[in-house]
Every structure is written in structure tokens, then in C-alpha cells.
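Everything below belongs to data.cif, which stores mmCIF, N, CA and C atoms and all ligand atoms.
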data_final
#
loop_
_atom_site.label_atom_id
_atom_site.label_comp_id
_atom_site.auth_asym_id
_atom_site.auth_seq_id
_atom_site.Cartn_x
_atom_site.Cartn_y
_atom_site.Cartn_z
N MET A 1 0.84 -1.20 0.00
CA MET A 1 0.00 0.00 0.00
C MET A 1 0.88 1.25 0.00
N SER A 2 0.60 2.14 -0.90
CA SER A 2 1.44 3.34 -0.94
C SER A 2 0.83 4.44 -0.07
N ARG A 3 1.69 5.23 0.46
CA ARG A 3 1.25 6.31 1.34
C ARG A 3 0.71 7.46 0.50
N PRO A 4 -0.21 8.21 1.08
CA PRO A 4 -0.70 9.36 0.31
C PRO A 4 0.42 10.35 0.01
N LYS A 5 0.24 11.09 -1.08
CA LYS A 5 1.29 12.01 -1.53
C LYS A 5 1.67 13.05 -0.48
N TRP A 6 0.70 13.56 0.24
CA TRP A 6 1.01 14.64 1.18
C TRP A 6 1.92 14.19 2.30
N VAL A 7 1.89 12.89 2.61
CA VAL A 7 2.76 12.39 3.67
C VAL A 7 4.21 12.48 3.21
N LYS A 8 4.42 12.08 1.97
CA LYS A 8 5.78 12.18 1.42
C LYS A 8 6.23 13.63 1.32
N LYS A 9 5.31 14.47 0.93
CA LYS A 9 5.62 15.90 0.81
C LYS A 9 6.01 16.45 2.17
N MET A 10 5.30 16.01 3.18
CA MET A 10 5.58 16.47 4.53
C MET A 10 6.96 16.00 4.98
N ALA A 11 7.26 14.76 4.67
CA ALA A 11 8.57 14.20 5.03
C ALA A 11 9.67 15.00 4.34
N GLU A 12 9.42 15.35 3.10
CA GLU A 12 10.41 16.11 2.34
C GLU A 12 10.66 17.47 2.99
N GLU A 13 9.58 18.12 3.39
CA GLU A 13 9.69 19.43 4.05
C GLU A 13 10.45 19.32 5.37
N ARG A 14 10.15 18.26 6.09
CA ARG A 14 10.77 18.04 7.40
C ARG A 14 12.29 17.82 7.22
N ILE A 15 12.64 17.06 6.23
CA ILE A 15 14.06 16.79 5.96
C ILE A 15 14.77 18.09 5.62
N LYS A 16 14.16 18.88 4.77
CA LYS A 16 14.75 20.16 4.38
C LYS A 16 14.98 21.05 5.59
N LYS A 17 13.96 21.09 6.43
CA LYS A 17 14.01 21.91 7.64
C LYS A 17 15.15 21.45 8.56
N LEU A 18 15.30 20.15 8.68
CA LEU A 18 16.36 19.62 9.54
C LEU A 18 17.74 20.03 9.03
N PHE A 19 17.89 20.04 7.73
CA PHE A 19 19.17 20.47 7.17
C PHE A 19 19.41 21.96 7.42
N GLU A 20 18.33 22.72 7.35
CA GLU A 20 18.45 24.15 7.64
C GLU A 20 18.85 24.38 9.09
N GLU A 21 18.24 23.60 9.97
CA GLU A 21 18.56 23.73 11.40
C GLU A 21 19.98 23.29 11.67
N ALA A 22 20.40 22.26 11.00
CA ALA A 22 21.78 21.77 11.16
C ALA A 22 22.76 22.89 10.81
N LYS A 23 22.43 23.62 9.76
CA LYS A 23 23.28 24.72 9.31
C LYS A 23 23.32 25.83 10.36
N GLU A 24 22.15 26.15 10.88
CA GLU A 24 22.06 27.22 11.87
C GLU A 24 22.78 26.89 13.16
N GLN A 25 22.71 25.63 13.55
CA GLN A 25 23.27 25.23 14.84
C GLN A 25 24.76 24.93 14.78
N PHE A 26 25.28 24.76 13.59
CA PHE A 26 26.62 24.22 13.46
C PHE A 26 27.69 24.99 14.24
N GLU A 27 27.65 26.30 14.14
CA GLU A 27 28.70 27.09 14.75
C GLU A 27 28.81 26.87 16.26
N GLU A 28 27.66 26.87 16.91
CA GLU A 28 27.68 26.73 18.36
C GLU A 28 27.52 25.29 18.85
N HIS A 29 26.77 24.51 18.10
CA HIS A 29 26.51 23.14 18.54
C HIS A 29 26.68 22.14 17.39
N PRO A 30 27.91 21.90 17.00
CA PRO A 30 28.12 21.00 15.86
C PRO A 30 27.57 19.59 16.10
N ASP A 31 27.55 19.16 17.34
CA ASP A 31 27.00 17.82 17.60
C ASP A 31 25.50 17.78 17.36
N ARG A 32 24.85 18.90 17.59
CA ARG A 32 23.42 18.98 17.30
C ARG A 32 23.17 18.84 15.81
N SER A 33 24.02 19.47 15.03
CA SER A 33 23.89 19.39 13.58
C SER A 33 23.92 17.94 13.13
N ASN A 34 24.84 17.18 13.70
CA ASN A 34 24.93 15.77 13.34
C ASN A 34 23.68 15.00 13.71
N ARG A 35 23.10 15.39 14.83
CA ARG A 35 21.88 14.72 15.25
C ARG A 35 20.73 15.03 14.29
N TYR A 36 20.70 16.25 13.80
CA TYR A 36 19.65 16.62 12.84
C TYR A 36 19.78 15.81 11.56
N ILE A 37 21.01 15.61 11.15
CA ILE A 37 21.23 14.82 9.94
C ILE A 37 20.77 13.38 10.16
N GLU A 38 21.07 12.86 11.33
CA GLU A 38 20.63 11.50 11.66
C GLU A 38 19.11 11.40 11.62
N LEU A 39 18.49 12.41 12.19
CA LEU A 39 17.03 12.45 12.23
C LEU A 39 16.46 12.52 10.81
N ALA A 40 17.07 13.33 9.99
CA ALA A 40 16.63 13.46 8.60
C ALA A 40 16.70 12.09 7.91
N HIS A 41 17.73 11.34 8.25
CA HIS A 41 17.88 10.00 7.68
C HIS A 41 16.77 9.07 8.11
N LYS A 42 16.44 9.16 9.38
CA LYS A 42 15.37 8.31 9.91
C LYS A 42 14.06 8.61 9.19
N ILE A 43 13.79 9.89 9.01
CA ILE A 43 12.55 10.28 8.34
C ILE A 43 12.57 9.78 6.90
N SER A 44 13.72 9.94 6.28
CA SER A 44 13.85 9.51 4.89
C SER A 44 13.58 8.01 4.75
N LYS A 45 14.07 7.24 5.70
CA LYS A 45 13.86 5.79 5.65
C LYS A 45 12.41 5.43 5.94
N LYS A 46 11.91 6.04 6.98
CA LYS A 46 10.55 5.74 7.43
C LYS A 46 9.53 6.01 6.32
N HIS A 47 9.72 7.10 5.60
CA HIS A 47 8.74 7.47 4.59
C HIS A 47 9.17 7.07 3.19
N ASN A 48 10.28 6.35 3.13
CA ASN A 48 10.79 5.93 1.85
C ASN A 48 10.96 7.12 0.91
N LYS A 49 11.45 8.18 1.51
CA LYS A 49 11.65 9.41 0.75
C LYS A 49 13.14 9.69 0.66
N LYS A 50 13.66 9.67 -0.55
CA LYS A 50 15.10 9.88 -0.69
C LYS A 50 15.49 11.32 -0.40
N ILE A 51 16.66 11.46 0.19
CA ILE A 51 17.20 12.80 0.43
C ILE A 51 17.70 13.34 -0.90
N SER A 52 17.33 14.57 -1.20
CA SER A 52 17.64 15.12 -2.52
C SER A 52 19.15 15.21 -2.78
N LYS A 53 19.48 15.19 -4.05
CA LYS A 53 20.88 15.25 -4.48
C LYS A 53 21.61 16.42 -3.88
N GLU A 54 20.92 17.53 -3.86
CA GLU A 54 21.51 18.77 -3.35
C GLU A 54 21.87 18.63 -1.87
N LEU A 55 20.96 18.04 -1.11
CA LEU A 55 21.20 17.89 0.33
C LEU A 55 22.23 16.81 0.63
N LYS A 56 22.33 15.86 -0.28
CA LYS A 56 23.28 14.77 -0.06
C LYS A 56 24.72 15.25 -0.01
N LYS A 57 24.96 16.41 -0.58
CA LYS A 57 26.33 16.94 -0.56
C LYS A 57 26.65 17.63 0.75
N LYS A 58 25.69 17.68 1.64
CA LYS A 58 25.90 18.41 2.88
C LYS A 58 26.18 17.53 4.08
N PHE A 59 26.38 16.27 3.84
CA PHE A 59 26.75 15.40 4.97
C PHE A 59 27.53 14.21 4.46
N CYS A 60 28.21 13.56 5.41
CA CYS A 60 29.00 12.39 5.04
C CYS A 60 28.10 11.16 4.94
N PRO A 61 28.17 10.45 3.81
CA PRO A 61 27.31 9.27 3.66
C PRO A 61 27.74 8.13 4.59
N LEU A 62 28.96 8.20 5.10
CA LEU A 62 29.46 7.11 5.93
C LEU A 62 29.21 7.33 7.41
N CYS A 63 29.60 8.50 7.91
CA CYS A 63 29.45 8.71 9.35
C CYS A 63 28.34 9.70 9.67
N LYS A 64 27.65 10.19 8.63
CA LYS A 64 26.50 11.10 8.78
C LYS A 64 26.86 12.41 9.47
N SER A 65 28.10 12.80 9.39
CA SER A 65 28.44 14.07 10.01
C SER A 65 28.10 15.21 9.04
N TYR A 66 27.67 16.31 9.60
CA TYR A 66 27.27 17.46 8.79
C TYR A 66 28.52 18.10 8.19
N TRP A 67 28.45 18.35 6.89
CA TRP A 67 29.63 18.86 6.20
C TRP A 67 29.62 20.36 6.03
N VAL A 68 30.69 20.98 6.54
CA VAL A 68 30.91 22.40 6.31
C VAL A 68 32.29 22.50 5.67
N PRO A 69 32.36 22.96 4.42
CA PRO A 69 33.66 23.00 3.73
C PRO A 69 34.70 23.76 4.54
N GLY A 70 35.89 23.18 4.65
CA GLY A 70 36.98 23.82 5.38
C GLY A 70 36.90 23.55 6.87
N ASN A 71 35.83 22.94 7.31
CA ASN A 71 35.65 22.67 8.73
C ASN A 71 35.51 21.17 8.99
N THR A 72 34.46 20.59 8.47
CA THR A 72 34.28 19.15 8.68
C THR A 72 34.52 18.35 7.40
N VAL A 73 34.72 19.07 6.32
CA VAL A 73 34.99 18.39 5.05
C VAL A 73 36.00 19.20 4.25
N LYS A 74 36.86 18.47 3.55
CA LYS A 74 37.79 19.15 2.66
C LYS A 74 37.26 18.99 1.25
N VAL A 75 37.19 20.09 0.55
CA VAL A 75 36.68 20.04 -0.81
C VAL A 75 37.82 20.36 -1.78
N ARG A 76 38.04 19.45 -2.69
CA ARG A 76 39.14 19.64 -3.62
C ARG A 76 38.61 19.52 -5.05
N ILE A 77 39.03 20.45 -5.89
CA ILE A 77 38.61 20.37 -7.27
C ILE A 77 39.67 19.61 -8.07
N ASP A 78 39.22 18.53 -8.66
CA ASP A 78 40.09 17.69 -9.46
C ASP A 78 39.81 18.03 -10.92
N SER A 79 40.49 19.08 -11.40
CA SER A 79 40.15 19.59 -12.73
C SER A 79 40.59 18.63 -13.84
N GLU A 80 41.54 17.79 -13.54
CA GLU A 80 42.00 16.81 -14.53
C GLU A 80 40.88 15.83 -14.90
N ASN A 81 40.16 15.44 -13.86
CA ASN A 81 39.08 14.48 -14.09
C ASN A 81 37.69 15.13 -14.06
N ASN A 82 37.68 16.46 -14.06
CA ASN A 82 36.42 17.19 -14.03
C ASN A 82 35.50 16.76 -12.89
N ARG A 83 36.07 16.69 -11.73
CA ARG A 83 35.21 16.30 -10.62
C ARG A 83 35.64 17.01 -9.34
N ILE A 84 34.77 16.93 -8.37
CA ILE A 84 35.03 17.55 -7.08
C ILE A 84 35.10 16.44 -6.04
N VAL A 85 36.13 16.47 -5.24
CA VAL A 85 36.32 15.42 -4.24
C VAL A 85 36.04 15.99 -2.85
N TYR A 86 35.14 15.35 -2.15
CA TYR A 86 34.83 15.72 -0.77
C TYR A 86 35.48 14.69 0.13
N LYS A 87 36.26 15.17 1.08
CA LYS A 87 36.87 14.23 2.01
C LYS A 87 36.45 14.58 3.42
N CYS A 88 35.77 13.64 4.05
CA CYS A 88 35.26 13.86 5.40
C CYS A 88 36.42 13.88 6.39
N ILE A 89 36.47 14.90 7.22
CA ILE A 89 37.57 15.02 8.17
C ILE A 89 37.38 14.04 9.34
N LYS A 90 36.15 13.77 9.66
CA LYS A 90 35.86 12.88 10.78
C LYS A 90 36.22 11.42 10.49
N CYS A 91 35.73 10.89 9.38
CA CYS A 91 35.95 9.46 9.12
C CYS A 91 36.88 9.21 7.94
N LYS A 92 37.33 10.29 7.29
CA LYS A 92 38.23 10.21 6.14
C LYS A 92 37.58 9.59 4.90
N GLY A 93 36.29 9.47 4.96
CA GLY A 93 35.56 8.93 3.81
C GLY A 93 35.57 9.92 2.66
N LYS A 94 35.55 9.41 1.44
CA LYS A 94 35.58 10.28 0.27
C LYS A 94 34.33 10.13 -0.57
N ARG A 95 34.00 11.24 -1.19
CA ARG A 95 32.86 11.19 -2.10
C ARG A 95 33.21 12.10 -3.26
N THR A 96 32.98 11.65 -4.45
CA THR A 96 33.30 12.50 -5.61
C THR A 96 32.05 12.81 -6.42
N TYR A 97 32.06 13.99 -6.97
CA TYR A 97 30.93 14.42 -7.80
C TYR A 97 31.47 14.94 -9.12
N GLY A 98 30.68 14.73 -10.14
CA GLY A 98 31.06 15.26 -11.45
C GLY A 98 31.02 16.78 -11.41
N TYR A 99 31.91 17.37 -12.13
CA TYR A 99 32.04 18.82 -12.14
C TYR A 99 30.82 19.50 -12.76
N SER A 100 30.36 18.99 -13.86
CA SER A 100 29.24 19.60 -14.56
C SER A 100 27.99 19.61 -13.69
N GLU A 101 27.86 18.56 -12.93
CA GLU A 101 26.71 18.43 -12.04
C GLU A 101 26.75 19.54 -10.97
N GLU A 102 27.94 19.77 -10.47
CA GLU A 102 28.15 20.76 -9.42
C GLU A 102 27.86 22.17 -9.92
N LYS A 103 28.21 22.43 -11.16
CA LYS A 103 28.09 23.79 -11.70
C LYS A 103 26.65 24.27 -11.80
N LYS A 104 25.73 23.32 -11.89
CA LYS A 104 24.31 23.67 -12.02
C LYS A 104 23.77 24.43 -10.81
N GLU A 105 24.41 24.25 -9.68
CA GLU A 105 23.86 24.83 -8.46
C GLU A 105 23.94 26.33 -8.42
ZN ZN B 201 32.46 10.80 7.47
#
Take the structure in the file and write it out as C-alpha cells.
Amino acid sequence: MSRPKWVKKMAEERIKKLFEEAKEQFEEHPDRSNRYIELAHKISKKHNKKISKELKKKFCPLCKSYWVPGNTVKVRIDSENNRIVYKCIKCKGKRTYGYSEEKKE
């Protein structure tokens, strides 16, 4: 049985809000930010609602830590391969994105 559309829409809004709160809290309470990301994940799973591509770049897929460039993540442009490399400072996990994809933002 599929859930009504508005439930998914609500989950999507909630996830977005959590990411916004994570951003706001990061400076003073970075651990809170991580908790918001965890919560966003739970909601995403519960409602079978994927976290959008845009938001996926804001946290580590491995340790779920909130990513702030230069603070919790190192961002390196690999112009040779036309991609951007994100390296999580907490768990050293790496994630790469195509350059063209990044430019759309
Ligand atoms: Zn990590």
C-alpha cells in the first residue's frame, strides 16, 4: 500500500528543515547538527523518501556528520578528471561528484 502524496511531501519538508537547522546550529553546537542529519535520515527511511541530491552533498554518507567546507569536510577540485572530491575530516571517507553536475547549483 502506498502512502498518500502529502505524507511524502511532509517528510520532504521536514528533511529540508532539519538540514536548515543543522546549518544554523553548526557554529555553536556541531553535535546537534549531526543529530539533525541523523534524524533526517530516519525520516527519509521511514517514509521511503530519498534525500535530494543537493542535500546529499551536505553530509557524510558514511558517518553522517554534517559537512561544512573547510571545517568538517575538505573540498578539492580535481580539474583533470572534471570532478570535485569531498573528504570527510571525521571518518576520512571520500565522495566524488562530477564537475558539470556541481556547476548547475
Ligand atoms: Zn564521514
All residues within 7 Å of ligand ZN 201 (chain B) are required, counting all atoms listed in the file; please report them as a list in words.
Phe59, Cys60, Pro61, Leu62, Cys63, Lys64, Ser65, Lys87, Cys88, Ile89, Lys90, Cys91, Lys92, Gly93 and Lys94 of chain A
Work out how far atom CA of A:Ser33 is from atom CA of A:Tyr99, in Å to one decimal.
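Result for atom CA of A:Tyr99 versus atom CA of A:Ser33: 27.0 Å, one decimal.
Relative to atom C of A:Tyr97, atom CA of A:Asn82 is found at 7.3 Å.
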What are the DSSP helix (DSSP H, G or I) residues of chain A, as a PyMOL selection string?
chain A and resi 5-25+30-46+53-56+99-103
Atom N of A:Leu18 to atom N of A:Lys74: how many Å, to one decimal?
22.2 Å
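Nearest residue to A:Ile51, choosing from A:Pro69, A:Ile15, A:Arg83, A:Glu27 and counting only N, CA and C atoms: A:Ile15.
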At a cut-off of 10 Å, using only C-alpha atoms, what residues contact A:Asp31? Leave out same-chain residues fewer than 4 positions from it and give the result as a PyMOL selection string.
chain A and resi 22+25-27+35-36+65-66
Box along x, y and z, 4 Å on every side, all listed atoms of stretch 71-89 of chain A inside: centre and edge lengths in Å to one decimal, as AutoDock Vina command-line options.
--center_x 38.1 --center_y 18.3 --center_z -2.8 --size_x 15.7 --size_y 17.3 --size_z 32.2
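Distances to A:Val73 were evaluated for A:Ser52, A:His41, A:Arg95, A:Lys23 using only C-alpha atoms, and the minimum falls at A:Arg95.
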Which residue gives the smallest distance to A:Glu54 among A:Lys8, A:Lys16, A:Arg32, A:Arg76, with only C-alpha atoms counted?
A:Lys16
Write down as an MDAnalysis selection string the residues belonging to stretch 5-98 of chain A that are assigned strand (DSSP E or B) by DSSP computed on the backbone.
chainID A and resid 59 66 69 73:78 83:88 94:98
Go through A:Ser44, A:Ser79, A:Thr96, A:Thr72 and flag the residue nearest A:Ala11, using all atoms listed in the file for the distances.
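When distances to A:Ala11 are compared using all atoms listed in the file, the smallest one comes from A:Ser44.
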